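J.: File name entry-v6.cif; file contents mmCIF, C-alpha atoms; full text below.
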data_entry
#
loop_
_atom_site.label_atom_id
_atom_site.label_comp_id
_atom_site.auth_asym_id
_atom_site.auth_seq_id
_atom_site.Cartn_x
_atom_site.Cartn_y
_atom_site.Cartn_z
CA MET Z 1 69.60 162.43 25.92
CA ASN Z 2 71.41 161.94 22.58
CA ARG Z 3 71.61 158.17 22.95
CA ARG Z 4 67.91 157.89 23.66
CA LEU Z 5 67.09 160.09 20.66
CA VAL Z 6 69.27 157.98 18.42
CA GLY Z 7 67.70 154.84 19.83
CA ILE Z 8 64.18 156.04 19.23
CA THR Z 9 65.02 157.23 15.72
CA MET Z 10 66.55 153.86 14.89
CA VAL Z 11 63.47 151.99 16.08
CA LEU Z 12 61.19 154.33 14.14
CA ALA Z 13 63.32 153.92 11.00
CA LEU Z 14 63.21 150.16 11.32
CA MET Z 15 59.46 150.22 11.71
CA ALA Z 16 59.05 152.47 8.68
CA GLY Z 17 61.24 150.13 6.66
CA ALA Z 18 59.22 147.11 7.73
CA CYS Z 19 55.99 148.75 6.63
CA GLY Z 20 56.66 148.04 2.94
CA GLY Z 21 53.02 147.28 2.28
CA ASP Z 22 51.87 145.25 -0.78
CA ALA Z 23 53.83 145.52 -4.00
CA ASP Z 24 51.94 147.42 -6.71
CA ILE Z 25 51.63 144.29 -8.90
CA GLU Z 26 51.75 140.81 -7.41
CA VAL Z 27 52.10 137.76 -9.63
CA SER Z 28 51.27 134.41 -8.12
CA ASP Z 29 50.80 130.75 -9.02
CA ILE Z 30 52.97 130.90 -12.11
CA TRP Z 31 53.07 127.51 -13.76
CA GLY Z 32 53.34 125.61 -17.02
CA ARG Z 33 52.60 122.05 -18.09
CA PRO Z 34 55.34 119.46 -18.64
CA SER Z 35 56.08 119.04 -22.34
CA PRO Z 36 58.78 117.47 -24.46
CA ALA Z 37 61.17 119.40 -26.66
CA VAL Z 38 59.28 118.24 -29.78
CA ALA Z 39 56.27 120.22 -28.56
CA THR Z 40 57.46 123.46 -30.08
CA ASN Z 41 55.26 125.69 -27.99
CA GLY Z 42 54.32 125.80 -24.35
CA ALA Z 43 52.15 127.98 -22.18
CA PHE Z 44 52.53 129.71 -18.84
CA TYR Z 45 49.61 130.56 -16.61
CA MET Z 46 49.41 132.87 -13.58
CA VAL Z 47 47.31 135.21 -11.49
CA ILE Z 48 48.18 138.92 -11.54
CA THR Z 49 46.90 141.16 -8.75
CA ASN Z 50 46.89 144.94 -9.06
CA ASN Z 51 47.09 146.66 -5.68
CA THR Z 52 47.09 150.18 -7.08
CA ASP Z 53 44.13 152.37 -7.94
CA ALA Z 54 45.01 152.62 -11.62
CA ALA Z 55 44.60 149.88 -14.22
CA ASP Z 56 47.83 148.37 -15.51
CA HIS Z 57 48.56 146.19 -18.53
CA LEU Z 58 50.85 143.23 -19.07
CA ILE Z 59 52.32 144.18 -22.40
CA SER Z 60 54.97 141.58 -23.03
CA ALA Z 61 56.90 138.64 -21.62
CA SER Z 62 60.22 136.98 -22.25
CA SER Z 63 62.22 134.06 -20.97
CA ASP Z 64 65.42 132.20 -21.71
CA ALA Z 65 63.20 129.12 -21.88
CA CYS Z 66 61.46 130.50 -24.99
CA GLY Z 67 62.76 131.59 -28.36
CA VAL Z 68 60.01 134.20 -28.23
CA ALA Z 69 57.26 134.66 -25.66
CA GLU Z 70 53.97 136.23 -26.65
CA LEU Z 71 50.61 136.85 -25.05
CA HIS Z 72 47.80 134.77 -26.56
CA GLU Z 73 44.24 133.91 -25.77
CA SER Z 74 42.47 130.61 -26.44
CA MET Z 75 38.79 130.88 -27.18
CA MET Z 76 36.03 128.31 -27.51
CA ASN Z 77 33.13 128.86 -29.88
CA ASP Z 78 30.65 126.02 -30.40
CA GLY Z 79 33.24 123.35 -29.63
CA VAL Z 80 35.85 124.91 -31.91
CA MET Z 81 39.01 126.06 -30.18
CA SER Z 82 40.92 128.94 -31.64
CA MET Z 83 43.74 131.12 -30.44
CA SER Z 84 44.81 134.62 -31.25
CA PRO Z 85 47.53 137.00 -30.15
CA VAL Z 86 46.55 139.59 -27.55
CA ASP Z 87 46.56 143.06 -29.11
CA ALA Z 88 49.23 145.66 -28.50
CA ALA Z 89 47.45 147.11 -25.46
CA GLY Z 90 48.24 143.92 -23.61
CA ILE Z 91 46.32 142.13 -20.88
CA GLU Z 92 44.48 144.53 -18.61
CA VAL Z 93 44.78 144.15 -14.86
CA PRO Z 94 42.03 146.35 -13.42
CA ALA Z 95 42.72 148.74 -10.54
CA GLY Z 96 42.40 146.83 -7.28
CA GLY Z 97 41.59 143.71 -9.29
CA GLN Z 98 43.07 140.65 -10.93
CA ALA Z 99 43.84 139.17 -14.31
CA THR Z 100 43.93 135.40 -14.57
CA LEU Z 101 45.91 133.56 -17.22
CA GLN Z 102 44.60 129.98 -17.26
CA VAL Z 103 44.12 126.84 -19.32
CA GLY Z 104 41.75 127.46 -22.22
CA GLY Z 105 42.09 131.23 -21.87
CA LEU Z 106 44.78 133.89 -21.70
CA HIS Z 107 48.33 132.59 -21.47
CA VAL Z 108 51.94 133.46 -22.11
CA MET Z 109 52.75 131.41 -25.20
CA CYS Z 110 56.30 130.14 -25.05
CA ILE Z 111 57.23 129.85 -28.73
CA ASP Z 112 60.10 127.63 -29.80
CA LYS Z 113 60.86 126.12 -26.39
CA GLN Z 114 64.54 126.05 -25.68
CA ALA Z 115 64.36 123.13 -23.28
CA ASP Z 116 62.25 120.20 -22.23
CA PHE Z 117 59.72 121.24 -19.65
CA ASP Z 118 59.98 118.56 -16.94
CA ALA Z 119 57.76 118.46 -13.87
CA GLY Z 120 59.49 120.14 -10.94
CA GLU Z 121 61.70 122.41 -13.03
CA THR Z 122 61.48 126.17 -12.75
CA PHE Z 123 62.12 128.87 -15.33
CA ASP Z 124 62.53 132.62 -14.93
CA LEU Z 125 59.90 134.62 -16.75
CA SER Z 126 60.28 138.34 -17.26
CA LEU Z 127 56.97 140.23 -17.38
CA GLU Z 128 56.73 143.77 -18.71
CA PHE Z 129 53.95 145.96 -17.30
CA GLU Z 130 52.95 149.34 -18.67
CA ASN Z 131 53.07 151.05 -15.27
CA ALA Z 132 54.82 148.65 -12.94
CA GLY Z 133 57.72 148.01 -15.28
CA THR Z 134 59.58 144.72 -15.42
CA ILE Z 135 58.84 142.00 -12.91
CA VAL Z 136 60.79 138.74 -12.98
CA VAL Z 137 58.95 135.70 -11.67
CA GLU Z 138 59.68 132.01 -11.36
CA ALA Z 139 57.42 129.63 -13.27
CA GLU Z 140 57.04 126.10 -11.96
CA ILE Z 141 56.45 123.16 -14.31
CA ARG Z 142 53.81 120.87 -12.87
CA GLU Z 143 51.21 118.31 -13.91
CA ASP Z 144 48.19 120.10 -12.47
CA LEU Z 145 45.48 117.50 -12.91
CA MET U 1 12.26 112.73 53.41
CA THR U 2 12.22 112.96 49.64
CA ASP U 3 14.77 110.11 49.50
CA THR U 4 12.24 107.55 50.70
CA LEU U 5 9.80 108.52 47.92
CA ILE U 6 12.20 107.52 45.12
CA PRO U 7 11.78 103.81 44.42
CA GLU U 8 14.99 101.86 43.91
CA GLU U 9 13.80 100.08 40.79
CA THR U 10 13.67 103.22 38.60
CA PRO U 11 17.10 102.79 36.91
CA ALA U 12 16.30 99.26 35.59
CA PRO U 13 13.41 100.20 33.23
CA ARG U 14 15.58 102.97 31.66
CA GLN U 15 18.34 100.49 30.78
CA ARG U 16 15.94 98.09 29.14
CA PHE U 17 14.47 100.94 27.17
CA SER U 18 17.88 101.96 25.63
CA TRP U 19 18.63 98.38 24.58
CA MET U 20 15.36 98.05 22.70
CA TYR U 21 15.94 101.38 21.07
CA ALA U 22 19.30 100.23 19.77
CA LEU U 23 17.91 96.88 18.58
CA VAL U 24 15.39 98.71 16.41
CA ALA U 25 17.55 101.61 15.27
CA VAL U 26 20.65 99.70 14.15
CA PRO U 27 18.89 97.41 11.65
CA LEU U 28 16.99 100.41 10.35
CA VAL U 29 20.20 102.32 9.75
CA ILE U 30 21.80 99.32 8.05
CA ALA U 31 18.72 98.81 5.90
CA GLY U 32 18.84 102.48 4.98
CA MET U 33 22.49 102.24 3.95
CA VAL U 34 21.87 99.12 1.84
CA PHE U 35 18.93 100.77 0.15
CA TRP U 36 20.96 103.93 -0.57
CA TRP U 37 23.83 101.89 -2.03
CA GLY U 38 21.46 99.86 -4.20
CA TYR U 39 19.62 102.95 -5.33
CA ASN U 40 22.84 104.65 -6.38
CA ARG U 41 24.00 101.60 -8.30
CA ALA U 42 20.71 101.46 -10.13
CA GLN U 43 21.06 105.05 -11.37
CA PRO U 44 22.08 105.46 -15.00
CA HIS U 45 25.71 106.55 -15.37
CA GLN U 46 26.20 110.27 -15.88
CA PHE U 47 28.50 110.72 -18.85
CA SER U 48 30.91 113.62 -19.07
CA GLY U 49 29.98 114.34 -22.68
CA ALA U 50 27.25 113.98 -25.28
CA VAL U 51 26.06 110.40 -25.71
CA ILE U 52 25.26 109.23 -29.23
CA GLN U 53 22.18 107.08 -28.89
CA GLY U 54 21.67 103.98 -30.96
CA SER U 55 24.37 102.53 -33.19
CA THR U 56 26.46 104.85 -35.29
CA ALA U 57 29.28 102.81 -36.77
CA ALA U 58 32.56 104.72 -36.53
CA PRO U 59 33.93 104.89 -40.08
CA ASP U 60 37.23 103.08 -40.65
CA PHE U 61 40.26 104.98 -41.85
CA THR U 62 43.97 104.45 -42.41
CA LEU U 63 46.55 107.07 -41.54
CA TRP U 64 50.30 107.01 -40.93
CA SER U 65 52.25 106.72 -37.71
CA ASP U 66 56.02 106.51 -37.33
CA ASP U 67 55.52 102.74 -37.08
CA GLY U 68 53.62 102.39 -40.32
CA PRO U 69 49.92 102.49 -41.28
CA VAL U 70 47.32 102.67 -38.54
CA SER U 71 43.66 101.80 -39.13
CA LEU U 72 40.74 102.12 -36.78
CA SER U 73 39.97 98.47 -37.54
CA ASP U 74 43.35 97.53 -35.99
CA TYR U 75 41.67 98.11 -32.62
CA GLU U 76 38.50 96.01 -32.85
CA ASP U 77 37.17 95.09 -29.41
CA LYS U 78 38.93 98.02 -27.79
CA ILE U 79 37.61 101.38 -26.79
CA VAL U 80 39.22 103.91 -29.12
CA MET U 81 39.59 107.58 -28.23
CA LEU U 82 40.18 109.94 -31.15
CA TYR U 83 41.57 113.39 -30.67
CA PHE U 84 42.26 115.83 -33.51
CA GLY U 85 44.91 118.47 -32.76
CA TYR U 86 48.42 119.60 -33.65
CA THR U 87 51.85 119.60 -32.04
CA HIS U 88 52.33 123.36 -32.24
CA CYS U 89 49.40 123.76 -29.90
CA PRO U 90 50.57 125.31 -26.61
CA ASP U 91 47.50 125.05 -24.42
CA VAL U 92 44.43 123.02 -25.42
CA CYS U 93 45.92 119.87 -26.98
CA PRO U 94 48.51 119.23 -24.22
CA THR U 95 45.75 119.67 -21.65
CA THR U 96 43.38 117.17 -23.26
CA LEU U 97 46.12 114.61 -23.87
CA THR U 98 47.37 114.98 -20.29
CA ASP U 99 43.85 114.44 -18.96
CA ALA U 100 43.24 111.44 -21.23
CA ALA U 101 46.56 109.90 -20.18
CA ALA U 102 45.70 110.41 -16.53
CA ALA U 103 42.27 108.86 -17.06
CA ILE U 104 43.76 105.73 -18.62
CA GLU U 105 46.48 105.62 -15.98
CA SER U 106 43.84 105.50 -13.25
CA LEU U 107 42.23 102.37 -14.74
CA SER U 108 43.31 98.88 -13.76
CA ASP U 109 45.92 97.23 -16.01
CA ASP U 110 43.25 95.00 -17.61
CA GLU U 111 40.96 97.94 -18.25
CA ALA U 112 43.78 100.12 -19.63
CA GLU U 113 44.76 97.40 -22.11
CA ASP U 114 41.37 97.76 -23.76
CA VAL U 115 41.64 101.51 -24.35
CA GLN U 116 43.52 103.02 -27.27
CA LEU U 117 43.98 106.73 -27.96
CA ILE U 118 44.81 107.91 -31.48
CA PHE U 119 45.97 111.50 -31.90
CA ILE U 120 45.28 112.72 -35.43
CA THR U 121 46.97 115.86 -36.64
CA ILE U 122 44.99 118.55 -38.43
CA ASP U 123 48.29 120.24 -39.31
CA PRO U 124 49.92 117.71 -41.65
CA GLY U 125 51.99 120.53 -43.13
CA ARG U 126 54.15 120.66 -40.01
CA ASP U 127 53.37 117.36 -38.25
CA THR U 128 55.32 114.48 -39.73
CA ALA U 129 54.75 110.91 -38.54
CA GLU U 130 58.02 111.02 -36.65
CA ARG U 131 57.09 114.23 -34.92
CA MET U 132 53.68 112.85 -33.99
CA GLY U 133 55.29 109.72 -32.53
CA GLN U 134 57.70 111.71 -30.36
CA TYR U 135 54.95 114.05 -29.22
CA VAL U 136 52.42 111.44 -28.07
CA ALA U 137 55.06 109.28 -26.39
CA HIS U 138 55.48 112.06 -23.85
CA PHE U 139 51.87 111.76 -22.71
CA ASP U 140 51.50 107.97 -22.66
CA GLU U 141 53.52 105.10 -24.09
CA SER U 142 50.37 103.56 -25.56
CA PHE U 143 49.24 106.62 -27.50
CA VAL U 144 49.49 106.53 -31.27
CA GLY U 145 50.02 109.70 -33.34
CA VAL U 146 49.13 109.78 -37.02
CA THR U 147 49.39 112.09 -39.99
CA GLY U 148 48.63 111.91 -43.69
CA THR U 149 48.32 114.02 -46.79
CA GLU U 150 46.08 117.07 -46.67
CA GLU U 151 43.41 115.07 -48.51
CA GLU U 152 43.63 112.06 -46.20
CA ILE U 153 43.39 114.20 -43.08
CA GLY U 154 40.58 116.22 -44.61
CA SER U 155 38.54 113.15 -45.38
CA VAL U 156 38.95 111.58 -41.93
CA ALA U 157 38.11 114.84 -40.22
CA THR U 158 35.01 115.20 -42.38
CA LEU U 159 33.90 111.65 -41.56
CA TYR U 160 34.08 112.55 -37.86
CA GLY U 161 32.57 116.00 -38.16
CA ILE U 162 35.76 117.72 -37.08
CA TYR U 163 36.24 121.29 -38.26
CA TYR U 164 39.69 122.78 -38.62
CA ARG U 165 41.27 125.78 -40.28
CA ALA U 166 44.62 127.53 -40.29
CA GLY U 167 44.36 130.92 -38.64
CA GLU U 168 46.79 133.78 -38.60
CA GLY U 169 49.39 133.73 -35.89
CA THR U 170 52.32 136.03 -35.44
CA GLU U 171 55.65 135.98 -37.20
CA ALA U 172 57.15 134.11 -34.28
CA SER U 173 54.36 131.62 -33.76
CA GLY U 174 53.61 130.88 -37.39
CA TYR U 175 50.04 129.96 -38.32
CA LEU U 176 47.79 128.69 -35.56
CA MET U 177 45.06 126.13 -36.06
CA GLU U 178 41.51 126.46 -34.97
CA HIS U 179 39.85 123.09 -34.54
CA THR U 180 37.03 121.18 -32.92
CA ALA U 181 38.51 120.27 -29.59
CA THR U 182 36.39 117.30 -28.61
CA LEU U 183 37.51 113.83 -27.60
CA LEU U 184 35.57 111.16 -29.53
CA VAL U 185 35.05 107.79 -27.86
CA ILE U 186 34.25 104.69 -29.91
CA ASP U 187 32.96 101.70 -27.96
CA ARG U 188 34.05 98.09 -28.25
CA ASN U 189 31.36 97.40 -30.84
CA GLY U 190 32.90 100.00 -33.11
CA ASN U 191 30.14 102.52 -32.56
CA LEU U 192 30.79 106.20 -31.94
CA LYS U 193 29.37 106.62 -28.46
CA LEU U 194 30.59 109.68 -26.68
CA VAL U 195 31.73 113.19 -27.53
CA ILE U 196 33.65 114.66 -24.60
CA PRO U 197 34.08 118.46 -24.68
CA PHE U 198 37.26 120.30 -23.78
CA GLY U 199 37.78 120.87 -20.09
CA VAL U 200 36.47 117.57 -18.69
CA GLN U 201 38.68 116.41 -15.82
CA TYR U 202 40.47 113.10 -15.99
CA ASP U 203 38.43 111.44 -13.23
CA ALA U 204 35.16 112.02 -15.09
CA MET U 205 36.73 110.60 -18.26
CA ALA U 206 37.97 107.58 -16.28
CA ALA U 207 34.48 106.97 -14.87
CA ASP U 208 33.07 106.97 -18.41
CA LEU U 209 35.73 104.54 -19.61
CA ARG U 210 35.14 102.21 -16.66
CA TYR U 211 31.42 102.23 -17.33
CA MET U 212 31.98 101.42 -21.00
CA LEU U 213 34.41 98.63 -20.09
CA ARG U 214 32.19 96.87 -17.59
#
Step by step, read the file and then write its structure as structure tokens.
T.:
Amino acid sequence: MNRRLVGITMVLALMAGACGGDADIEVSDIWGRPSPAVATNGAFYMVITNNTDAADHLISASSDACGVAELHESMMNDGVMSMSPVDAAGIEVPAGGQATLQVGGLHVMCIDKQADFDAGETFDLSLEFENAGTIVVEAEIREDL
Amino acid sequence: MTDTLIPEETPAPRQRFSWMYALVAVPLVIAGMVFWWGYNRAQPHQFSGAVIQGSTAAPDFTLWSDDGPVSLSDYEDKIVMLYFGYTHCPDVCPTTLTDAAAAIESLSDDEAEDVQLIFITIDPGRDTAERMGQYVAHFDESFVGVTGTEEEIGSVATLYGIYYRAGEGTEASGYLMEHTATLLVIDRNGNLKLVIPFGVQYDAMAADLRYMLR
């Protein structure tokens, strides 16, 4: 009887462990464009998915690849492109929704690049969320035409 | 009993009927395809940006690359693409230059020889000629990057209707530029022909260049 009980408990424990479910915040498709060292600044783009039922905010980012990383947004008004830093509240990721950082829009600005960004290379990017805490992701450098 | 009522000759007429059907249908289909192809070729080309009708001569200018002075008139008989931006730009300028490089790359060697892109900085305070040269070389060996004094840049930008202004950045980023982010295309007659907005994909740009080179 004991052995069977232990056996069943082990199976149940394994099953419970396997049922991790989705992470609270998922970050996918993290990429940046190739750029030479003389291009002082670069940008990282990504899709952030919030699987919880409370809004979260990406409040900051950092990487060894960047002297400083900041959150910025490009905006187009009548053919004029401008860019401004995202305010202290950060980038909102709505409950059960997504935030997209993409070309011509929100991005992680990699200020004072510490390396050439060559196609195929990857860099670790540390993202700080208000609720979810720190998530480290891998950014891929690619052409993306 | 029913067997004897079916005449033996029935299959033959059916075969003849399919042959005739094919003889009529195939030429019709071919004619349709030829017509469709001809019709498409006769359509006016759809440009990816605003077309400037008539002849608007693109004003000449001289600015400074790391190889010496560069004038628009150096490139007579070529298509010249002008892009105004700055090297501290993280997002928009690299995207446009990457797309333009890809567009030119997708042309034949003969076609590509007749296209010249000039990248003009609207941030002469930080963009030296040497810096501009290193920056554009990354996108395409043929690209030329130029700078000038504040006055020189201001006057060329004004001639081409390009707006730019230094905006506040952060302490880390330094000042950021806002600027008209269009790609200007001057045809081989030296007329400003096309204003391509930000976001146009390289294949649409290439189609425009091919059309202008034909």
J.: Within 10 Å of Thr147 of chain U, counting all atoms listed in the file, which residues show up once you throw out same-chain ones fewer than 4 positions away? Write them as number ranges by chain, please.
T.: U: 62-66, 69-70, 86, 119-133, 152-153
J.: Identify all chain Z residues at most 8 Å from chain U by counting only C-alpha atoms; ligands do not count. Present them as a ChimeraX atom specification.
T.: /Z:33,35-36,38-43,68,74,79-85,103-104,109-111,145
J.: Give me the residues near segment 186-193 of chain U as an MDAnalysis selection string, where near means some atom within 12 Å (using only C-alpha atoms) and where sequence neighbours in that chain fewer than 4 positions away do not count.
T.: chainID U and resid 47:60 72:83 114:118 159:161 208:214
J.: Exactly which residues make up the result of the PyMOL selection byres ((chain Z and resi 131) around 8) on this file, given as an MDAnalysis selection string?
T.: chainID Z and resid 56:57 129:130 132:133
J.: Using all atoms listed in the file, pick whichever of Z:Val136, Z:Ala115, Z:Met46, Z:Ile91 has the shortest atom-to-atom distance to Leu58 of chain Z.
T.: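 When distances to Leu58 of chain Z are compared using all atoms listed in the file, the smallest one comes from Z:Ile91.
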J.: Run the PyMOL selection byres ((chain Z and resi 71) around 7) against the file shown and list the residues it catches, as a count of residues only.
T.: 8
J.: Mind giving me the straight-line distance from atom CA of Thr96 of chain U to atom CA of Pro44 of chain U in Å, one decimal?
T.: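 A separation of 25.7 Å between them.
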J.: Apply the PyMOL selection byres ((chain Z and resi 140) around 7) to the structure shown and report the selected residues as a PyMOL selection string.
T.: chain Z and resi 30-32+120-123+138-139+141-142
J.: Could you please determine the separation between atom CA of Ala100 of chain U and atom CA of Ala119 of chain Z in Å, to one decimal place?
T.: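 Separating atom CA of Ala100 of chain U from atom CA of Ala119 of chain Z is a distance of 17.7 Å.
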J.: Figure out the distance between atom CA of Gly67 of chain Z and atom CA of Lys113 of chain Z, please, to one decimal in Å.
T.: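 Atom CA of Gly67 of chain Z lies at a distance of 6.1 Å from atom CA of Lys113 of chain Z.
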J.: If you take every atom of segment 117-123 of chain Z that the file lists and fit an axis-aligned box around them with 5 Å extra on each side, what centre and edge lengths come out in Å to one decimal, as JSON?
T.:
{"center_x": 59.9, "center_y": 123.7, "center_z": -15.3, "size_x": 14.4, "size_y": 20.4, "size_z": 18.7}
J.: In terms of the shortest atom-to-atom distance over all atoms listed in the file, which of U:Phe84, U:Gly148, U:Ser142, U:Ala101 is closest to Glu113 of chain U?
T.: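 Of all the options, U:Ser142 lies closest to Glu113 of chain U.
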J.: Measuring between all atoms listed in the file, which one of Z:Asp116, Z:Leu125, Z:Arg3, Z:Ala88 shows the shortest distance to Ser63 of chain Z?
T.: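 Checking each candidate against Ser63 of chain Z, we get Z:Leu125 as the closest.
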J.: Output requested as a tab-separated table (two decimals), in the frame of the given file - segment 86-94 of chain U, filled out with all heavy atoms.
T.:
chain	number	residue	atom	x	y	z
U	86	TYR	N	47.15	119.37	-32.95
U	86	TYR	CA	48.42	119.60	-33.65
U	86	TYR	C	49.52	119.85	-32.64
U	86	TYR	O	49.26	120.27	-31.51
U	86	TYR	CB	48.29	120.74	-34.66
U	86	TYR	CG	48.02	122.13	-34.10
U	86	TYR	CD1	48.93	123.16	-34.30
U	86	TYR	CD2	46.84	122.42	-33.41
U	86	TYR	CE1	48.69	124.44	-33.81
U	86	TYR	CE2	46.59	123.69	-32.91
U	86	TYR	CZ	47.51	124.70	-33.12
U	86	TYR	OH	47.27	125.96	-32.63
U	87	THR	N	50.76	119.55	-33.02
U	87	THR	CA	51.85	119.60	-32.04
U	87	THR	C	52.31	121.00	-31.71
U	87	THR	O	53.02	121.20	-30.73
U	87	THR	CB	53.08	118.78	-32.50
U	87	THR	OG1	53.66	119.42	-33.63
U	87	THR	CG2	52.70	117.34	-32.82
U	88	HIS	N	51.93	121.98	-32.54
U	88	HIS	CA	52.33	123.36	-32.24
U	88	HIS	C	51.37	124.03	-31.27
U	88	HIS	O	51.50	125.21	-30.96
U	88	HIS	CB	52.42	124.20	-33.52
U	88	HIS	CG	53.70	123.97	-34.27
U	88	HIS	ND1	53.98	122.81	-34.93
U	88	HIS	CD2	54.79	124.76	-34.43
U	88	HIS	CE1	55.18	122.89	-35.49
U	88	HIS	NE2	55.69	124.06	-35.19
U	89	CYS	N	50.42	123.25	-30.79
U	89	CYS	CA	49.40	123.76	-29.90
U	89	CYS	C	49.96	123.92	-28.49
U	89	CYS	O	50.48	122.96	-27.93
U	89	CYS	CB	48.26	122.74	-29.90
U	89	CYS	SG	46.84	123.14	-28.90
U	90	PRO	N	49.92	125.11	-27.91
U	90	PRO	CA	50.57	125.31	-26.61
U	90	PRO	C	49.69	124.97	-25.40
U	90	PRO	O	50.21	124.70	-24.33
U	90	PRO	CB	50.83	126.82	-26.60
U	90	PRO	CG	49.71	127.40	-27.42
U	90	PRO	CD	49.38	126.37	-28.47
U	91	ASP	N	48.39	124.99	-25.58
U	91	ASP	CA	47.50	125.05	-24.42
U	91	ASP	C	46.46	123.93	-24.41
U	91	ASP	O	46.47	123.05	-23.56
U	91	ASP	CB	46.86	126.47	-24.43
U	91	ASP	CG	45.83	126.70	-23.37
U	91	ASP	OD1	45.98	126.19	-22.24
U	91	ASP	OD2	44.84	127.41	-23.65
U	92	VAL	N	45.58	123.92	-25.41
U	92	VAL	CA	44.43	123.02	-25.42
U	92	VAL	C	44.82	121.55	-25.62
U	92	VAL	O	44.42	120.68	-24.86
U	92	VAL	CB	43.43	123.47	-26.50
U	92	VAL	CG1	42.34	122.45	-26.70
U	92	VAL	CG2	42.84	124.81	-26.10
U	93	CYS	N	45.59	121.26	-26.68
U	93	CYS	CA	45.92	119.87	-26.98
U	93	CYS	C	46.73	119.22	-25.86
U	93	CYS	O	46.41	118.10	-25.44
U	93	CYS	CB	46.65	119.74	-28.32
U	93	CYS	SG	45.75	120.51	-29.68
U	94	PRO	N	47.78	119.87	-25.33
U	94	PRO	CA	48.51	119.23	-24.22
U	94	PRO	C	47.60	118.95	-23.03
U	94	PRO	O	47.75	117.94	-22.35
U	94	PRO	CB	49.59	120.25	-23.86
U	94	PRO	CG	49.73	121.11	-25.05
U	94	PRO	CD	48.41	121.12	-25.74
